[in-house]
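Q: Structure: input.cif, mmCIF, C-alpha atoms.
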```
data_data
loop_
_atom_site.label_atom_id
_atom_site.label_comp_id
_atom_site.auth_asym_id
_atom_site.auth_seq_id
_atom_site.Cartn_x
_atom_site.Cartn_y
_atom_site.Cartn_z
CA GLN A 140 -90.57 -73.47 -154.46
CA VAL A 141 -92.60 -70.29 -154.75
CA GLN A 142 -95.16 -69.15 -152.21
CA LEU A 143 -98.00 -66.85 -153.20
CA VAL A 144 -100.36 -64.98 -150.88
CA GLU A 145 -103.34 -63.08 -152.28
CA SER A 146 -105.27 -60.25 -150.69
CA GLY A 147 -107.79 -57.61 -151.67
CA GLY A 148 -110.89 -59.60 -152.47
CA GLY A 149 -114.29 -58.65 -151.15
CA SER A 150 -117.86 -57.75 -152.03
CA VAL A 151 -118.73 -54.88 -154.31
CA GLN A 152 -121.70 -53.68 -156.33
CA ALA A 153 -121.74 -53.92 -160.09
CA GLY A 154 -119.75 -51.10 -161.62
CA GLY A 155 -117.39 -50.94 -158.68
CA SER A 156 -113.67 -51.63 -158.45
CA LEU A 157 -111.31 -53.85 -156.50
CA ARG A 158 -107.56 -54.31 -156.54
CA LEU A 159 -106.10 -57.72 -155.82
CA SER A 160 -102.52 -58.14 -154.62
CA CYS A 161 -100.28 -61.19 -154.60
CA ALA A 162 -97.06 -61.30 -152.62
CA ALA A 163 -94.52 -63.80 -153.93
CA SER A 164 -91.72 -65.31 -151.89
CA GLY A 165 -89.25 -68.14 -152.22
CA TYR A 166 -87.43 -68.75 -155.50
CA THR A 167 -88.93 -65.68 -157.13
CA TYR A 168 -85.90 -65.13 -159.36
CA SER A 169 -86.99 -68.19 -161.33
CA ILE A 170 -90.45 -66.90 -162.13
CA TYR A 171 -91.11 -66.32 -165.84
CA CYS A 172 -94.90 -65.96 -165.75
CA MET A 173 -97.31 -64.63 -163.18
CA GLY A 174 -101.02 -64.28 -163.53
CA TRP A 175 -104.53 -64.57 -162.19
CA PHE A 176 -107.14 -67.18 -162.86
CA ARG A 177 -110.60 -67.54 -161.39
CA GLN A 178 -112.92 -70.39 -160.64
CA ASP A 179 -116.46 -70.71 -159.45
CA PRO A 180 -117.78 -74.01 -158.07
CA GLY A 181 -119.05 -76.16 -160.93
CA LYS A 182 -117.35 -74.06 -163.57
CA GLU A 183 -114.10 -74.43 -165.46
CA ARG A 184 -111.03 -72.55 -164.40
CA GLU A 185 -110.64 -69.37 -166.45
CA GLY A 186 -107.40 -67.56 -167.05
CA VAL A 187 -107.98 -63.86 -166.40
CA ALA A 188 -104.63 -62.18 -167.08
CA ALA A 189 -100.94 -62.94 -167.18
CA ILE A 190 -97.67 -61.08 -167.36
CA ASP A 191 -94.23 -62.35 -168.29
CA LYS A 192 -90.81 -61.35 -166.96
CA ASP A 193 -90.47 -58.72 -169.68
CA GLY A 194 -93.81 -57.14 -168.84
CA SER A 195 -95.83 -58.48 -171.77
CA THR A 196 -99.44 -59.07 -170.78
CA ASN A 197 -102.44 -60.99 -172.01
CA TYR A 198 -106.07 -60.90 -170.95
CA ALA A 199 -109.20 -62.96 -171.31
CA ASP A 200 -111.61 -61.36 -173.76
CA SER A 201 -114.18 -61.10 -170.98
CA VAL A 202 -112.02 -58.68 -168.97
CA LYS A 203 -110.19 -56.69 -171.65
CA GLY A 204 -110.57 -52.99 -171.11
CA ARG A 205 -111.75 -53.48 -167.51
CA PHE A 206 -108.90 -55.31 -165.75
CA THR A 207 -105.23 -54.39 -165.63
CA ILE A 208 -102.44 -56.68 -164.48
CA SER A 209 -99.19 -55.20 -163.22
CA LYS A 210 -96.16 -56.22 -161.22
CA ASP A 211 -93.87 -54.43 -158.81
CA TYR A 212 -90.60 -56.26 -159.42
CA ALA A 213 -88.87 -54.66 -156.44
CA LYS A 214 -91.57 -55.89 -154.07
CA ASN A 215 -92.24 -59.19 -155.88
CA THR A 216 -95.89 -58.28 -155.81
CA LEU A 217 -98.47 -58.84 -158.52
CA TYR A 218 -101.62 -56.76 -158.84
CA LEU A 219 -104.93 -57.01 -160.63
CA GLN A 220 -106.90 -53.79 -160.89
CA MET A 221 -110.51 -54.64 -161.62
CA ASN A 222 -112.84 -51.87 -162.76
CA SER A 223 -116.43 -51.87 -164.01
CA LEU A 224 -117.03 -55.14 -162.22
CA LYS A 225 -119.95 -57.30 -163.30
CA PRO A 226 -121.86 -60.03 -161.44
CA GLU A 227 -120.31 -62.58 -163.79
CA ASP A 228 -116.89 -61.64 -162.41
CA THR A 229 -117.87 -63.29 -159.13
CA ALA A 230 -115.44 -66.12 -158.40
CA MET A 231 -112.49 -67.20 -156.31
CA TYR A 232 -109.44 -65.49 -157.75
CA TYR A 233 -106.08 -67.22 -157.60
CA CYS A 234 -102.62 -65.83 -158.13
CA ALA A 235 -100.34 -68.14 -160.08
CA ALA A 236 -96.71 -68.31 -161.12
CA GLY A 237 -94.47 -70.61 -163.07
CA PRO A 238 -92.69 -71.39 -166.32
CA PRO A 239 -94.16 -70.53 -169.73
CA THR A 240 -95.82 -72.81 -172.25
CA THR A 241 -93.81 -73.43 -175.39
CA ARG A 242 -95.65 -73.35 -178.71
CA GLY A 243 -93.46 -73.50 -181.77
CA THR A 244 -90.76 -70.92 -181.24
CA GLY A 245 -92.80 -68.84 -178.82
CA LEU A 246 -93.20 -68.78 -175.04
CA TYR A 247 -96.64 -68.01 -173.67
CA CYS A 248 -98.02 -67.38 -170.21
CA TYR A 249 -101.39 -68.95 -169.46
CA ALA A 250 -102.42 -68.16 -165.92
CA GLN A 251 -104.71 -71.14 -165.52
CA GLY A 252 -101.88 -73.57 -166.27
CA LEU A 253 -99.11 -72.20 -164.10
CA ARG A 254 -97.38 -74.39 -161.56
CA TYR A 255 -97.73 -72.49 -158.30
CA TRP A 256 -100.97 -71.15 -156.83
CA GLY A 257 -101.99 -69.11 -153.83
CA GLN A 258 -104.89 -69.89 -151.54
CA GLY A 259 -107.30 -67.66 -153.44
CA THR A 260 -109.33 -64.60 -152.57
CA GLN A 261 -113.08 -64.33 -153.06
CA VAL A 262 -114.57 -61.62 -155.25
CA THR A 263 -118.33 -61.17 -155.12
CA VAL A 264 -120.11 -58.67 -157.34
CA SER A 265 -123.78 -57.98 -156.68
CA SER A 266 -126.21 -56.51 -159.17
#
```
Translate the structure described by the file into C-alpha cells.
A:
Amino acid sequence: QVQLVESGGGSVQAGGSLRLSCAASGYTYSIYCMGWFRQDPGKEREGVAAIDKDGSTNYADSVKGRFTISKDYAKNTLYLQMNSLKPEDTAMYYCAAGPPTTRGTGLYCYAQGLRYWGQGTQVTVSS
C-alpha cells in the first residue's frame, strides 16, 4: 500500500503561482509512476503531469510551459509548480502513484489512471 498526502492548494488570482506537494509513505520503493490529475464536479478527470522512476515527465497540452512536475526522491515527495495560472485551472488536484501502462514495448505513466490517490487539494483561480 502507498499513502499520499497533498498540500499547497489555495486561491489565487489569474497569472499567479502555486506549488503543490505530495508526501508519499508506505511501499514507496515499488512506485514506478507518480503524477497529478485534476477533476472538477461534472467534468472528466484530466491527467495534468506525470513522472516516472527515471525522471521522465509528460504533461497535458493545456499546462505545458506553465506547470513543472518534480520529485525529491530522498524525501519521497512529489511537487507540482504551477505558474501563470488561469481560471480554467480551477479544480481539485489529486496526487497519484502506481505502476505504468504497457503499450507495445513501452511503459507509460498516465496520472489519471494510477492506482493510489491522495485526498486532493483544491486550487481556485479567479479572473
Q: Quote the spacing between CA of Ala213 in chain A and CA of Glu185 in chain A in Å to one decimal place.
A: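 Interatomic distance, CA of Ala213 in chain A to CA of Glu185 in chain A: 28.1 Å.
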Q: Nearest to Asp179 in chain A among A:Val202, A:Val151, A:Val262, A:Ala230, with distances taken over all atoms listed in the file: which residue is it?
A: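 With all atoms listed in the file as the atom set, the closest residue is A:Ala230.
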Q: Could you check which of A:Tyr247, A:Thr229, A:Tyr218, A:Leu143 is closest to Asn197 in chain A, using all atoms listed in the file?
A: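 For Asn197 in chain A, the nearest of the candidates is A:Tyr247.
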Q: Could you tell me which residues the PyMOL selection byres ((chain A and resi 203) around 12) grabs in this file, written as a PyMOL selection string?
A: chain A and resi 187-188+196-202+204-208+220-224
Q: Just how far from CA of Thr244 in chain A is CA of Thr167 in chain A, in Å to one decimal?
A: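 Interatomic distance here is 24.7 Å.
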Q: Running the PyMOL selection byres ((chain A and resi 141) around 10) on this model by hand, what would come out? Give it as a PyMOL selection string.
A: chain A and resi 140+142-143+163-170+235-237+254-257
Q: Which residues, named as in the file, does the PyMOL selection byres ((chain A and resi 153) around 10) pick out? Answer as a list of chain:residue names.
A: A:Ser150, A:Val151, A:Gln152, A:Gly154, A:Gly155, A:Ser156, A:Asn222, A:Ser223, A:Leu224, A:Lys225, A:Pro226, A:Glu227, A:Asp228, A:Thr263, A:Val264, A:Ser265, A:Ser266
Q: Identify, on the basis of all atoms listed in the file, every residue whose closest approach to Ser209 in chain A does not exceed 12 Å; exclude the query and any residue fewer than 5 positions from it along the same chain; express the result as a ChimeraX atom specification.
A: /A:158-161,172-175,188-198,214-221
Q: Point out the residue among A:Gln261, A:Thr241, A:Gln178, A:Gln251 with the least atom-to-atom distance to Gly147 in chain A, counting only C-alpha atoms.
A: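 For Gly147 in chain A, the nearest of the candidates is A:Gln261.
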Q: CA of Val144 in chain A and CA of Ala162 in chain A are how many Å apart?
A: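 These two atoms are separated by 5.2 Å.
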Q: Calculated over all atoms listed in the file, which of the candidates A:Tyr233, A:Gly181, A:Ala250, A:Asp211 has the smallest distance to Gly148 in chain A?
A: A:Tyr233
Q: Extract range 233-247 of chain A from the preceding block and save all heavy atoms as a PDB file, in the first residue's frame.
A:
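Dumped everything to part.pdb:
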```pdb
ATOM      1  N   TYR A 233      -5.320  16.014  -7.463  1.00  0.00           N
ATOM      2  CA  TYR A 233      -5.006  14.788  -6.759  1.00  0.00           C
ATOM      3  C   TYR A 233      -3.613  14.299  -7.127  1.00  0.00           C
ATOM      4  O   TYR A 233      -3.232  14.294  -8.300  1.00  0.00           O
ATOM      5  CB  TYR A 233      -6.006  13.684  -7.115  1.00  0.00           C
ATOM      6  CG  TYR A 233      -7.428  13.961  -6.702  1.00  0.00           C
ATOM      7  CD1 TYR A 233      -8.278  14.686  -7.518  1.00  0.00           C
ATOM      8  CD2 TYR A 233      -7.913  13.498  -5.479  1.00  0.00           C
ATOM      9  CE1 TYR A 233      -9.583  14.945  -7.146  1.00  0.00           C
ATOM     10  CE2 TYR A 233      -9.224  13.754  -5.095  1.00  0.00           C
ATOM     11  CZ  TYR A 233     -10.051  14.485  -5.935  1.00  0.00           C
ATOM     12  OH  TYR A 233     -11.346  14.740  -5.554  1.00  0.00           O
ATOM     13  N   CYS A 234      -2.885  13.879  -6.125  1.00  0.00           N
ATOM     14  CA  CYS A 234      -1.618  13.196  -6.325  1.00  0.00           C
ATOM     15  C   CYS A 234      -1.917  11.723  -6.544  1.00  0.00           C
ATOM     16  O   CYS A 234      -2.836  11.173  -5.917  1.00  0.00           O
ATOM     17  CB  CYS A 234      -0.750  13.393  -5.084  1.00  0.00           C
ATOM     18  SG  CYS A 234       0.810  12.509  -5.096  1.00  0.00           S
ATOM     19  N   ALA A 235      -1.159  11.087  -7.422  1.00  0.00           N
ATOM     20  CA  ALA A 235      -1.404   9.687  -7.722  1.00  0.00           C
ATOM     21  C   ALA A 235      -0.086   8.947  -7.895  1.00  0.00           C
ATOM     22  O   ALA A 235       0.935   9.542  -8.252  1.00  0.00           O
ATOM     23  CB  ALA A 235      -2.246   9.554  -8.988  1.00  0.00           C
ATOM     24  N   ALA A 236      -0.128   7.654  -7.654  1.00  0.00           N
ATOM     25  CA  ALA A 236       1.071   6.831  -7.798  1.00  0.00           C
ATOM     26  C   ALA A 236       0.665   5.422  -8.186  1.00  0.00           C
ATOM     27  O   ALA A 236      -0.444   4.976  -7.874  1.00  0.00           O
ATOM     28  CB  ALA A 236       1.858   6.815  -6.491  1.00  0.00           C
ATOM     29  N   GLY A 237       1.584   4.708  -8.855  1.00  0.00           N
ATOM     30  CA  GLY A 237       1.274   3.344  -9.204  1.00  0.00           C
ATOM     31  C   GLY A 237       2.120   2.827 -10.342  1.00  0.00           C
ATOM     32  O   GLY A 237       3.062   3.477 -10.781  1.00  0.00           O
ATOM     33  N   PRO A 238       1.787   1.631 -10.826  1.00  0.00           N
ATOM     34  CA  PRO A 238       2.536   1.026 -11.918  1.00  0.00           C
ATOM     35  C   PRO A 238       2.223   1.691 -13.261  1.00  0.00           C
ATOM     36  O   PRO A 238       1.189   2.348 -13.405  1.00  0.00           O
ATOM     37  CB  PRO A 238       2.072  -0.431 -11.903  1.00  0.00           C
ATOM     38  CG  PRO A 238       0.723  -0.392 -11.273  1.00  0.00           C
ATOM     39  CD  PRO A 238       0.748   0.739 -10.288  1.00  0.00           C
ATOM     40  N   PRO A 239       3.084   1.495 -14.237  1.00  0.00           N
ATOM     41  CA  PRO A 239       2.887   2.111 -15.551  1.00  0.00           C
ATOM     42  C   PRO A 239       1.887   1.334 -16.408  1.00  0.00           C
ATOM     43  O   PRO A 239       1.508   0.204 -16.089  1.00  0.00           O
ATOM     44  CB  PRO A 239       4.278   2.051 -16.173  1.00  0.00           C
ATOM     45  CG  PRO A 239       4.884   0.827 -15.575  1.00  0.00           C
ATOM     46  CD  PRO A 239       4.361   0.752 -14.175  1.00  0.00           C
ATOM     47  N   THR A 240       1.469   1.965 -17.475  1.00  0.00           N
ATOM     48  CA  THR A 240       0.652   1.324 -18.501  1.00  0.00           C
ATOM     49  C   THR A 240       1.573   0.807 -19.592  1.00  0.00           C
ATOM     50  O   THR A 240       2.473   1.528 -20.037  1.00  0.00           O
ATOM     51  CB  THR A 240      -0.342   2.332 -19.106  1.00  0.00           C
ATOM     52  OG1 THR A 240      -1.222   2.791 -18.079  1.00  0.00           O
ATOM     53  CG2 THR A 240      -1.157   1.694 -20.220  1.00  0.00           C
ATOM     54  N   THR A 241       1.348  -0.439 -19.987  1.00  0.00           N
ATOM     55  CA  THR A 241       2.158  -1.037 -21.045  1.00  0.00           C
ATOM     56  C   THR A 241       1.466  -0.876 -22.385  1.00  0.00           C
ATOM     57  O   THR A 241       0.292  -1.228 -22.531  1.00  0.00           O
ATOM     58  CB  THR A 241       2.380  -2.535 -20.778  1.00  0.00           C
ATOM     59  OG1 THR A 241       3.019  -2.686 -19.510  1.00  0.00           O
ATOM     60  CG2 THR A 241       3.270  -3.150 -21.855  1.00  0.00           C
ATOM     61  N   ARG A 242       2.193  -0.328 -23.338  1.00  0.00           N
ATOM     62  CA  ARG A 242       1.683  -0.210 -24.717  1.00  0.00           C
ATOM     63  C   ARG A 242       2.789  -0.662 -25.648  1.00  0.00           C
ATOM     64  O   ARG A 242       3.811   0.014 -25.763  1.00  0.00           O
ATOM     65  CB  ARG A 242       1.276   1.235 -25.029  1.00  0.00           C
ATOM     66  CG  ARG A 242      -0.015   1.640 -24.395  1.00  0.00           C
ATOM     67  CD  ARG A 242      -0.541   2.938 -24.962  1.00  0.00           C
ATOM     68  NE  ARG A 242      -1.864   3.259 -24.454  1.00  0.00           N
ATOM     69  CZ  ARG A 242      -2.542   4.338 -24.780  1.00  0.00           C
ATOM     70  NH1 ARG A 242      -2.032   5.219 -25.628  1.00  0.00           N
ATOM     71  NH2 ARG A 242      -3.736   4.564 -24.275  1.00  0.00           N
ATOM     72  N   GLY A 243       2.592  -1.775 -26.280  1.00  0.00           N
ATOM     73  CA  GLY A 243       3.634  -2.347 -27.117  1.00  0.00           C
ATOM     74  C   GLY A 243       4.823  -2.704 -26.250  1.00  0.00           C
ATOM     75  O   GLY A 243       4.701  -3.426 -25.284  1.00  0.00           O
ATOM     76  N   THR A 244       5.962  -2.138 -26.600  1.00  0.00           N
ATOM     77  CA  THR A 244       7.171  -2.412 -25.815  1.00  0.00           C
ATOM     78  C   THR A 244       7.472  -1.286 -24.833  1.00  0.00           C
ATOM     79  O   THR A 244       8.498  -1.309 -24.168  1.00  0.00           O
ATOM     80  CB  THR A 244       8.372  -2.594 -26.753  1.00  0.00           C
ATOM     81  OG1 THR A 244       8.536  -1.401 -27.521  1.00  0.00           O
ATOM     82  CG2 THR A 244       8.162  -3.781 -27.681  1.00  0.00           C
ATOM     83  N   GLY A 245       6.588  -0.303 -24.766  1.00  0.00           N
ATOM     84  CA  GLY A 245       6.849   0.852 -23.917  1.00  0.00           C
ATOM     85  C   GLY A 245       6.037   0.869 -22.639  1.00  0.00           C
ATOM     86  O   GLY A 245       4.987   0.247 -22.544  1.00  0.00           O
ATOM     87  N   LEU A 246       6.550   1.577 -21.639  1.00  0.00           N
ATOM     88  CA  LEU A 246       5.868   1.782 -20.371  1.00  0.00           C
ATOM     89  C   LEU A 246       5.553   3.263 -20.251  1.00  0.00           C
ATOM     90  O   LEU A 246       6.440   4.106 -20.436  1.00  0.00           O
ATOM     91  CB  LEU A 246       6.749   1.333 -19.199  1.00  0.00           C
ATOM     92  CG  LEU A 246       7.161  -0.137 -19.200  1.00  0.00           C
ATOM     93  CD1 LEU A 246       8.117  -0.415 -18.043  1.00  0.00           C
ATOM     94  CD2 LEU A 246       5.947  -1.046 -19.117  1.00  0.00           C
ATOM     95  N   TYR A 247       4.320   3.580 -19.921  1.00  0.00           N
ATOM     96  CA  TYR A 247       3.884   4.971 -19.892  1.00  0.00           C
ATOM     97  C   TYR A 247       3.194   5.268 -18.569  1.00  0.00           C
ATOM     98  O   TYR A 247       2.506   4.424 -18.003  1.00  0.00           O
ATOM     99  CB  TYR A 247       2.928   5.262 -21.052  1.00  0.00           C
ATOM    100  CG  TYR A 247       3.556   5.019 -22.396  1.00  0.00           C
ATOM    101  CD1 TYR A 247       3.469   3.769 -23.007  1.00  0.00           C
ATOM    102  CD2 TYR A 247       4.267   6.031 -23.038  1.00  0.00           C
ATOM    103  CE1 TYR A 247       4.068   3.538 -24.224  1.00  0.00           C
ATOM    104  CE2 TYR A 247       4.859   5.798 -24.270  1.00  0.00           C
ATOM    105  CZ  TYR A 247       4.756   4.551 -24.858  1.00  0.00           C
ATOM    106  OH  TYR A 247       5.358   4.334 -26.069  1.00  0.00           O
TER     107      TYR A 247
END
```
